[in-house]
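Q: The file below is start_9.txt, compact mmCIF, C-alpha atoms and all ligand atoms:
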# COMPACT_ATOMS: atom_id res chain seq x y z
CA MET A 4 -169.99 49.76 65.43
CA ALA A 5 -171.24 48.54 68.80
CA LEU A 6 -174.47 46.59 69.13
CA SER A 7 -176.06 47.58 72.44
CA GLY A 8 -172.49 48.12 73.62
CA VAL A 9 -171.92 44.36 73.68
CA PHE A 10 -170.50 43.37 70.31
CA GLU A 11 -167.96 45.25 68.28
CA GLN A 12 -167.90 44.66 64.54
CA VAL A 13 -164.59 43.28 63.26
CA VAL A 14 -165.61 42.55 59.68
CA PRO A 15 -168.82 44.26 58.54
CA GLY A 16 -171.70 41.85 58.25
CA SER A 17 -169.74 38.76 59.21
CA ILE A 18 -167.56 38.90 62.35
CA TRP A 19 -168.16 40.49 65.75
CA VAL A 20 -166.41 40.26 69.12
CA SER A 21 -167.40 40.94 72.69
CA GLU A 22 -165.14 41.27 75.68
CA ARG A 23 -165.39 40.57 79.41
CA PRO A 24 -162.90 40.45 82.29
CA VAL A 25 -161.67 37.09 83.57
CA ARG A 26 -159.23 36.19 86.32
CA TYR A 27 -156.50 33.73 85.44
CA GLY A 28 -153.22 32.94 87.15
CA GLY A 29 -153.41 35.95 89.48
CA VAL A 30 -154.08 38.56 86.77
CA ARG A 31 -157.16 40.03 85.16
CA LEU A 32 -157.31 39.34 81.45
CA ARG A 33 -159.82 40.44 78.85
CA SER A 34 -161.57 37.42 77.39
CA ARG A 35 -163.18 37.72 73.99
CA THR A 36 -165.98 35.89 72.26
CA THR A 37 -165.97 35.82 68.46
CA VAL A 38 -169.22 35.51 66.55
CA VAL A 39 -169.34 34.64 62.84
CA ARG A 40 -172.52 34.94 60.82
CA LEU A 41 -172.57 32.06 58.35
CA GLU A 42 -174.33 32.02 55.00
CA GLY A 43 -178.03 31.76 55.68
CA GLY A 44 -177.73 33.77 58.89
CA ALA A 45 -176.78 31.07 61.44
CA LEU A 46 -174.42 32.27 64.17
CA TRP A 47 -171.23 30.48 65.13
CA VAL A 48 -170.18 31.53 68.63
CA HIS A 49 -166.57 30.87 69.63
CA SER A 50 -165.60 30.81 73.30
CA PRO A 51 -168.79 32.34 74.68
CA GLY A 52 -168.99 34.19 77.98
CA PRO A 53 -171.93 34.20 80.39
CA PRO A 54 -175.28 34.45 78.55
CA THR A 55 -176.43 37.66 80.18
CA LYS A 56 -179.58 39.43 79.08
CA ASP A 57 -177.58 42.03 77.15
CA VAL A 58 -175.38 39.44 75.42
CA CYS A 59 -178.36 37.31 74.40
CA ALA A 60 -180.29 40.31 73.09
CA ALA A 61 -177.25 41.39 71.04
CA LEU A 62 -176.76 37.85 69.70
CA GLU A 63 -180.39 37.50 68.76
CA ALA A 64 -180.20 40.79 66.86
CA LEU A 65 -177.45 39.23 64.73
CA GLY A 66 -179.07 35.89 63.94
CA GLU A 67 -179.85 32.44 65.28
CA VAL A 68 -177.25 30.82 67.53
CA ARG A 69 -176.58 27.50 65.79
CA TRP A 70 -173.05 26.58 66.88
CA ILE A 71 -171.35 26.96 70.28
CA VAL A 72 -167.63 26.36 69.96
CA VAL A 73 -165.32 25.15 72.73
CA PRO A 74 -161.92 25.85 71.18
CA ASN A 75 -159.70 24.06 73.70
CA LEU A 76 -159.29 22.58 77.17
CA PHE A 77 -159.71 25.92 78.93
CA HIS A 78 -162.51 27.84 77.24
CA HIS A 79 -165.47 25.70 78.30
CA LEU A 80 -166.66 27.23 81.58
CA GLN A 81 -169.66 29.14 80.20
CA THR A 82 -170.59 26.51 77.62
CA PRO A 83 -173.19 24.68 79.75
CA ALA A 84 -175.09 27.92 80.51
CA VAL A 85 -175.00 29.05 76.86
CA ALA A 86 -176.09 25.60 75.63
CA ALA A 87 -178.99 25.66 78.11
CA ARG A 88 -180.00 29.10 76.83
CA TYR A 89 -179.84 27.94 73.18
CA PRO A 90 -181.00 24.31 73.18
CA GLY A 91 -181.27 24.28 69.38
CA ALA A 92 -177.54 24.98 69.01
CA GLN A 93 -174.89 22.28 68.62
CA VAL A 94 -171.85 22.29 70.90
CA VAL A 95 -168.57 21.62 69.09
CA GLY A 96 -165.31 20.92 70.87
CA PRO A 97 -162.61 18.45 71.91
CA ARG A 98 -163.48 15.38 73.95
CA SER A 99 -160.75 16.40 76.41
CA ALA A 100 -162.79 19.47 77.42
CA ALA A 101 -165.86 17.35 78.14
CA GLU A 102 -163.71 14.98 80.19
CA ARG A 103 -162.41 17.92 82.21
CA ASN A 104 -165.83 19.51 82.64
CA PRO A 105 -168.61 16.91 82.86
CA LEU A 106 -171.25 19.65 82.48
CA VAL A 107 -170.09 20.21 78.89
CA ARG A 108 -172.18 18.08 76.55
CA LEU A 109 -170.59 17.97 73.11
CA SER A 110 -172.70 17.40 70.03
CA LEU A 111 -169.78 17.01 67.61
CA GLY A 112 -166.01 17.29 67.32
CA ALA A 113 -164.49 19.99 65.12
CA ASP A 114 -163.19 17.23 62.81
CA ASP A 115 -166.58 15.54 62.51
CA PRO A 116 -167.60 15.45 58.82
CA GLU A 117 -171.15 16.50 59.73
CA TYR A 118 -169.83 19.63 61.44
CA VAL A 119 -167.29 20.42 58.70
CA ARG A 120 -169.96 20.07 55.99
CA ALA A 121 -172.35 22.36 57.82
CA THR A 122 -169.80 25.15 58.35
CA ARG A 123 -167.86 25.11 55.09
CA GLU A 124 -166.87 28.77 55.41
CA LEU A 125 -164.74 27.93 58.45
CA THR A 126 -161.86 25.49 58.09
CA PRO A 127 -160.95 23.77 61.38
CA ILE A 128 -157.22 23.20 61.88
CA GLN A 129 -155.98 21.29 64.89
CA LEU A 130 -152.89 22.68 66.60
CA ARG A 131 -151.02 19.43 67.06
CA GLY A 132 -148.27 18.75 69.57
CA VAL A 133 -149.77 21.03 72.24
CA PRO A 134 -151.80 18.68 74.46
CA PHE A 135 -151.80 21.31 77.22
CA LEU A 136 -154.28 23.29 75.09
CA ASP A 137 -155.74 20.69 72.72
CA GLU A 138 -156.87 23.62 70.58
CA THR A 139 -158.51 23.67 67.18
CA VAL A 140 -158.37 27.00 65.34
CA PHE A 141 -160.68 28.08 62.54
CA PHE A 142 -159.83 29.85 59.28
CA HIS A 143 -162.52 32.04 57.75
CA ALA A 144 -161.24 32.29 54.19
CA ALA A 145 -163.74 34.92 53.01
CA THR A 146 -162.20 37.47 55.41
CA GLY A 147 -158.69 36.02 55.94
CA SER A 148 -159.44 35.63 59.64
CA LEU A 149 -157.90 33.00 61.88
CA ILE A 150 -160.10 32.53 64.95
CA ALA A 151 -158.37 31.08 68.00
CA ALA A 152 -158.35 31.25 71.80
CA ASP A 153 -154.98 30.72 73.48
CA VAL A 154 -152.63 30.27 70.54
CA LEU A 155 -151.32 33.84 70.91
CA ILE A 156 -151.56 36.56 73.55
CA SER A 157 -150.47 40.17 73.94
CA ALA A 158 -151.12 42.91 76.48
CA CYS A 159 -151.70 46.57 75.68
CA ALA A 160 -152.74 49.83 77.33
CA ARG A 161 -156.36 48.65 77.35
CA ASP A 162 -155.56 45.80 79.73
CA HIS A 163 -155.94 45.74 83.53
CA TRP A 164 -152.78 46.79 85.38
CA THR A 165 -152.25 43.30 86.83
CA TRP A 166 -151.85 41.76 83.36
CA ARG A 167 -149.94 44.78 82.04
CA ALA A 168 -147.38 44.35 84.85
CA ALA A 169 -147.12 40.57 84.40
CA ALA A 170 -146.93 40.94 80.62
CA ARG A 171 -143.95 43.29 80.91
CA ILE A 172 -142.12 40.70 83.00
CA TRP A 173 -143.04 37.89 80.59
CA GLY A 174 -142.18 39.91 77.46
CA ARG A 175 -145.78 40.02 76.29
CA TYR A 176 -146.49 43.74 76.59
CA GLU A 177 -147.23 45.04 73.09
CA ARG A 178 -145.53 41.91 71.84
CA VAL A 179 -147.33 38.90 70.37
CA ARG A 180 -146.26 35.63 71.97
CA THR A 181 -147.84 32.42 73.24
CA PRO A 182 -149.44 32.62 76.70
CA PRO A 183 -146.66 32.06 79.28
CA ASP A 184 -148.13 28.76 80.53
CA VAL A 185 -148.39 27.44 76.97
CA ARG A 186 -144.71 28.30 76.47
CA VAL A 187 -143.71 26.51 79.68
CA ARG A 188 -145.85 23.43 78.97
CA THR A 189 -144.96 22.88 75.30
CA ARG A 190 -141.95 20.96 74.04
CA PRO A 191 -140.60 21.49 70.54
CA SER A 192 -141.89 18.82 68.15
CA ALA A 193 -142.33 18.06 64.49
CA ALA A 194 -146.11 18.04 65.09
CA VAL A 195 -146.16 21.66 66.32
CA ALA A 196 -143.77 22.70 63.55
CA GLU A 197 -146.11 21.23 60.93
CA SER A 198 -149.18 22.88 62.42
CA ILE A 199 -147.48 26.28 62.62
CA ALA A 200 -146.21 25.93 59.04
CA GLN A 201 -149.77 25.15 57.95
CA LEU A 202 -151.15 28.24 59.72
CA ARG A 203 -148.35 30.45 58.49
CA ALA A 204 -149.11 29.51 54.90
CA LEU A 205 -152.69 30.79 55.16
CA PRO A 206 -153.51 34.16 53.56
CA LEU A 207 -154.05 35.78 56.95
CA GLU A 208 -155.34 39.29 57.35
CA ARG A 209 -155.95 39.00 61.07
CA VAL A 210 -155.71 36.63 63.98
CA LEU A 211 -158.49 36.91 66.54
CA VAL A 212 -157.62 35.43 69.94
CA ALA A 213 -159.34 35.43 73.30
CA HIS A 214 -156.98 37.64 75.28
CA ALA A 215 -155.68 40.33 72.92
CA ASP A 216 -156.87 42.87 70.40
CA PRO A 217 -157.08 41.62 66.80
CA ILE A 218 -153.59 40.94 65.44
CA THR A 219 -153.53 42.64 62.04
CA ASP A 220 -149.90 43.67 61.64
CA ARG A 221 -148.00 40.90 59.79
CA PRO A 222 -150.28 38.27 61.37
CA ALA A 223 -148.71 35.18 59.78
CA GLU A 224 -145.16 36.35 60.59
CA GLN A 225 -146.05 37.25 64.18
CA LEU A 226 -147.68 33.86 64.66
CA ALA A 227 -144.59 32.08 63.35
CA GLU A 228 -142.26 34.21 65.52
CA ALA A 229 -144.30 33.51 68.65
CA TRP A 230 -144.06 29.75 68.06
CA GLU A 231 -140.40 29.67 67.04
CA PHE A 232 -139.50 28.16 70.41
CA ALA A 233 -141.49 25.02 69.56
CA ILE A 234 -139.78 24.30 66.24
CA PRO A 235 -137.16 21.57 66.70
CA PRO A 236 -133.66 22.44 65.44
CA GLN A 237 -132.93 21.14 61.94
CA ARG A 238 -130.64 18.15 61.91
FE FE B 301 -157.61 31.59 77.49
Mind turning the file's structure into structure tokens?

A:
Amino acid sequence: MALSGVFEQVVPGSIWVSERPVRYGGVRLRSRTTVVRLEGGALWVHSPGPPTKDVCAALEALGEVRWIVVPNLFHHLQTPAVAARYPGAQVVGPRSAAERNPLVRLSLGADDPEYVRATRELTPIQLRGVPFLDETVFFHAATGSLIAADVLISACARDHWTWRAAARIWGRYERVRTPPDVRVRTRPSAAVAESIAQLRALPLERVLVAHADPITDRPAEQLAEAWEFAIPPQR
């Protein structure tokens, strides 16, 4: 169900996504915002795009924007504008993103007890050993949804031709992998292996990422396969 054509419902009554085009590394990707309605009606907005009139009207129809989430070092560009539009909301994210973009004013980190207590339905899990991203992902146990930004990527027929062409070259067309730059910039480590094992063990029904459709087919297995390159060989 679309709300004013902006948000698409992923899980009835609790999770919605919206999509917009972004340019990155010479291709045009789709970039998605995930919105979770928490108990009590507060909205948790992950990786928001520009707060256009249509987006804000659609958000306000869903509830009150209480949390604005910067998931990693890359998805912070629209945060200052969204925070200005919703001054009552708290901005949650890694310190590294605020260091990179001085316009981002963080209220709390995703590991801050005050934040964790206030959003019990969403478990934050830091993806360790990937400083290039410095990403924290969020598990919504009630719906088996893992909400992330750049942990996985995949192109499909719905994507712009520039990314479809690049994805074929990089082996990411209709195949779930890490973004190519994440692959290039990540060394195998015990820290990544532990984080991936932790994610793989979750009862996942779907993985929602910023630049792909929801991953619902064997989500835990596909996540583990995509990150196999980062698991150090057993000694
Ligand atoms: Fe991204």

Q: With 12 Å as the threshold, what does the neighbourhood of (-146.4, 24.2, 66.0) contain in terms of residues, counting all atoms listed in the file? Coordinates are those of the file; answer as a CSV table (one decimal) with C-alpha atoms, in the frame of the given file.

A:
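result20.csv written:
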chain,number,residue,atom,x,y,z
A,128,ILE,CA,-157.2,23.2,61.9
A,129,GLN,CA,-156.0,21.3,64.9
A,130,LEU,CA,-152.9,22.7,66.6
A,131,ARG,CA,-151.0,19.4,67.1
A,132,GLY,CA,-148.3,18.8,69.6
A,133,VAL,CA,-149.8,21.0,72.2
A,134,PRO,CA,-151.8,18.7,74.5
A,138,GLU,CA,-156.9,23.6,70.6
A,154,VAL,CA,-152.6,30.3,70.5
A,155,LEU,CA,-151.3,33.8,70.9
A,181,THR,CA,-147.8,32.4,73.2
A,185,VAL,CA,-148.4,27.4,77.0
A,186,ARG,CA,-144.7,28.3,76.5
A,189,THR,CA,-145.0,22.9,75.3
A,190,ARG,CA,-142.0,21.0,74.0
A,191,PRO,CA,-140.6,21.5,70.5
A,192,SER,CA,-141.9,18.8,68.2
A,193,ALA,CA,-142.3,18.1,64.5
A,194,ALA,CA,-146.1,18.0,65.1
A,195,VAL,CA,-146.2,21.7,66.3
A,196,ALA,CA,-143.8,22.7,63.6
A,197,GLU,CA,-146.1,21.2,60.9
A,198,SER,CA,-149.2,22.9,62.4
A,199,ILE,CA,-147.5,26.3,62.6
A,200,ALA,CA,-146.2,25.9,59.0
A,201,GLN,CA,-149.8,25.2,58.0
A,202,LEU,CA,-151.2,28.2,59.7
A,203,ARG,CA,-148.4,30.4,58.5
A,226,LEU,CA,-147.7,33.9,64.7
A,227,ALA,CA,-144.6,32.1,63.4
A,228,GLU,CA,-142.3,34.2,65.5
A,229,ALA,CA,-144.3,33.5,68.6
A,230,TRP,CA,-144.1,29.8,68.1
A,231,GLU,CA,-140.4,29.7,67.0
A,232,PHE,CA,-139.5,28.2,70.4
A,233,ALA,CA,-141.5,25.0,69.6
A,234,ILE,CA,-139.8,24.3,66.2
A,235,PRO,CA,-137.2,21.6,66.7

Q: Between A:Ser17, A:Thr165, A:Asn104, A:Ser50, single out the one closest to ligand FE 301 (chain B), counting only C-alpha atoms and all ligand atoms.

A: A:Ser50

Q: Go through A:Asp114, A:Glu224, A:Asp153, A:Glu63 and flag the residue nearest ligand FE 301 (chain B), using all atoms listed in the file for the distances.

A: A:Asp153

Q: Show me a table, sorted first by chain and then by increasing residue number, of the residues of chain A having an atom at most 12 Å from ligand FE 301 (chain B), each with its shortest atom pair and the distance in Å to one decimal, counting all atoms listed in the file and written as a tab-separated table.

A:
residue	atom	partner	partner_atom	distance
A:Pro24	CA	B:FE301	FE	11.4
A:Val25	CA	B:FE301	FE	9.1
A:Arg26	CA	B:FE301	FE	10.1
A:Tyr27	CA	B:FE301	FE	8.3
A:Gly28	CA	B:FE301	FE	10.7
A:Arg31	CA	B:FE301	FE	11.4
A:Leu32	CA	B:FE301	FE	8.7
A:Arg33	CA	B:FE301	FE	9.2
A:Ser34	CA	B:FE301	FE	7.0
A:Arg35	CA	B:FE301	FE	9.0
A:Thr36	CA	B:FE301	FE	10.8
A:His49	CA	B:FE301	FE	11.9
A:Ser50	CA	B:FE301	FE	9.1
A:Pro51	CA	B:FE301	FE	11.6
A:Gly52	CA	B:FE301	FE	11.7
A:Val73	CA	B:FE301	FE	11.1
A:Pro74	CA	B:FE301	FE	9.6
A:Asn75	CA	B:FE301	FE	8.7
A:Leu76	CA	B:FE301	FE	9.2
A:Phe77	CA	B:FE301	FE	6.2
A:His78	CA	B:FE301	FE	6.2
A:His79	CA	B:FE301	FE	9.9
A:Leu80	CA	B:FE301	FE	10.8
A:Phe135	CA	B:FE301	FE	11.8
A:Leu136	CA	B:FE301	FE	9.3
A:Glu138	CA	B:FE301	FE	10.6
A:Ala151	CA	B:FE301	FE	9.5
A:Ala152	CA	B:FE301	FE	5.7
A:Asp153	CA	B:FE301	FE	4.9
A:Val154	CA	B:FE301	FE	8.7
A:Leu155	CA	B:FE301	FE	9.4
A:Ile156	CA	B:FE301	FE	8.8
A:Ser157	CA	B:FE301	FE	11.7
A:Thr181	CA	B:FE301	FE	10.7
A:Pro182	CA	B:FE301	FE	8.3
A:Pro183	CA	B:FE301	FE	11.1
A:Asp184	CA	B:FE301	FE	10.3
A:Val185	CA	B:FE301	FE	10.1
A:Val212	CA	B:FE301	FE	8.5
A:Ala213	CA	B:FE301	FE	5.9
A:His214	CA	B:FE301	FE	6.5
A:Ala215	CA	B:FE301	FE	10.0

Q: Convert the current residue selection to file output with C-alpha atoms, as a tab-separated table (two decimals), in the coordinates of the input.

A:
chain	number	residue	atom	x	y	z
A	24	PRO	CA	-162.90	40.45	82.29
A	25	VAL	CA	-161.67	37.09	83.57
A	26	ARG	CA	-159.23	36.19	86.32
A	27	TYR	CA	-156.50	33.73	85.44
A	28	GLY	CA	-153.22	32.94	87.15
A	31	ARG	CA	-157.16	40.03	85.16
A	32	LEU	CA	-157.31	39.34	81.45
A	33	ARG	CA	-159.82	40.44	78.85
A	34	SER	CA	-161.57	37.42	77.39
A	35	ARG	CA	-163.18	37.72	73.99
A	36	THR	CA	-165.98	35.89	72.26
A	49	HIS	CA	-166.57	30.87	69.63
A	50	SER	CA	-165.60	30.81	73.30
A	51	PRO	CA	-168.79	32.34	74.68
A	52	GLY	CA	-168.99	34.19	77.98
A	73	VAL	CA	-165.32	25.15	72.73
A	74	PRO	CA	-161.92	25.85	71.18
A	75	ASN	CA	-159.70	24.06	73.70
A	76	LEU	CA	-159.29	22.58	77.17
A	77	PHE	CA	-159.71	25.92	78.93
A	78	HIS	CA	-162.51	27.84	77.24
A	79	HIS	CA	-165.47	25.70	78.30
A	80	LEU	CA	-166.66	27.23	81.58
A	135	PHE	CA	-151.80	21.31	77.22
A	136	LEU	CA	-154.28	23.29	75.09
A	138	GLU	CA	-156.87	23.62	70.58
A	151	ALA	CA	-158.37	31.08	68.00
A	152	ALA	CA	-158.35	31.25	71.80
A	153	ASP	CA	-154.98	30.72	73.48
A	154	VAL	CA	-152.63	30.27	70.54
A	155	LEU	CA	-151.32	33.84	70.91
A	156	ILE	CA	-151.56	36.56	73.55
A	157	SER	CA	-150.47	40.17	73.94
A	181	THR	CA	-147.84	32.42	73.24
A	182	PRO	CA	-149.44	32.62	76.70
A	183	PRO	CA	-146.66	32.06	79.28
A	184	ASP	CA	-148.13	28.76	80.53
A	185	VAL	CA	-148.39	27.44	76.97
A	212	VAL	CA	-157.62	35.43	69.94
A	213	ALA	CA	-159.34	35.43	73.30
A	214	HIS	CA	-156.98	37.64	75.28
A	215	ALA	CA	-155.68	40.33	72.92

Q: Skipping near chain neighbours, those fewer than 4 positions away, what residues fall within 9 Å of Glu208 (chain A) using all atoms listed in the file, listed as a VMD selection string?

A: chain A and resid 146 to 149 218 to 223

Q: Quick one: of A:Ala86, A:Val30, A:Val95, A:Val68, who's nearest to Ala168 (chain A), counting all atoms listed in the file?

A: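 Distance minimum relative to Ala168 (chain A) lands on A:Val30.
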
Q: Grab the CA of Arg40 (chain A) to CA of Gly16 (chain A) distance for me, in Å with one decimal place.

A: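 So the two atoms, CA of Arg40 (chain A) and CA of Gly16 (chain A), lie 7.4 Å apart.
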
Q: Need the shell around Gly44 (chain A): protein/DNA/RNA residues with any atom at most 10 Å away, counting only C-alpha atoms. Skip same-chain ones fewer than 3 positions apart. Format as a PyMOL selection string?

A: chain A and resi 17+39-41+47+65-69

Q: Find the residues near Leu109 (chain A): any atom within 7 Å, counting all atoms listed in the file, skip ones fewer than 4 places away on the same chain, and give them as a short mmCIF file (atom, residue, chain, number, x, y, z; two decimals) with C-alpha atoms, in the coordinates of the input.

A:
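Wrote it out as result-v5.cif, contents follow:
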data_model
loop_
_atom_site.label_atom_id
_atom_site.label_comp_id
_atom_site.auth_asym_id
_atom_site.auth_seq_id
_atom_site.Cartn_x
_atom_site.Cartn_y
_atom_site.Cartn_z
CA VAL A 94 -171.85 22.29 70.90
CA VAL A 95 -168.57 21.62 69.09
CA GLY A 96 -165.31 20.92 70.87
CA ALA A 101 -165.86 17.35 78.14
#

Q: Could you check the closest approach to Ala160 (chain A) for each of A:Ser21, A:Trp173, A:Asp216, A:Gln81 and tell me which residue wins, using only C-alpha atoms?

A: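 Nearest to Ala160 (chain A): A:Asp216.
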
Q: Which of these, A:Val72, A:Leu111, A:Ala92, A:Ala84, has the shortest distance to Thr37 (chain A) once you count only C-alpha atoms?

A: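 The answer is A:Val72, which sits nearest to Thr37 (chain A).
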
Q: Which residues are close to Phe10 (chain A), i.e. within 10 Å by only C-alpha atoms, leaving aside same-chain residues fewer than 4 positions away? Reply as a ChimeraX atom specification.

A: /A:4-6,18-22,35-38,57-58,61-62,65

Q: Interatomic distance between CA of Val9 (chain A) and CA of Arg161 (chain A)?

A: 16.6 Å

Q: Mind giving me the straight-line distance from CA of Gln93 (chain A) to CA of Trp70 (chain A) in Å, one decimal?

A: 5.0 Å

Q: For each of A:Arg171, A:His163, A:Lys56, A:Arg209, take the minimum atom-to-atom distance to Phe142 (chain A), counting all atoms listed in the file, then give the residue where this is smallest.

A: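 Counting all atoms listed in the file, the residue closest to Phe142 (chain A) is A:Arg209.
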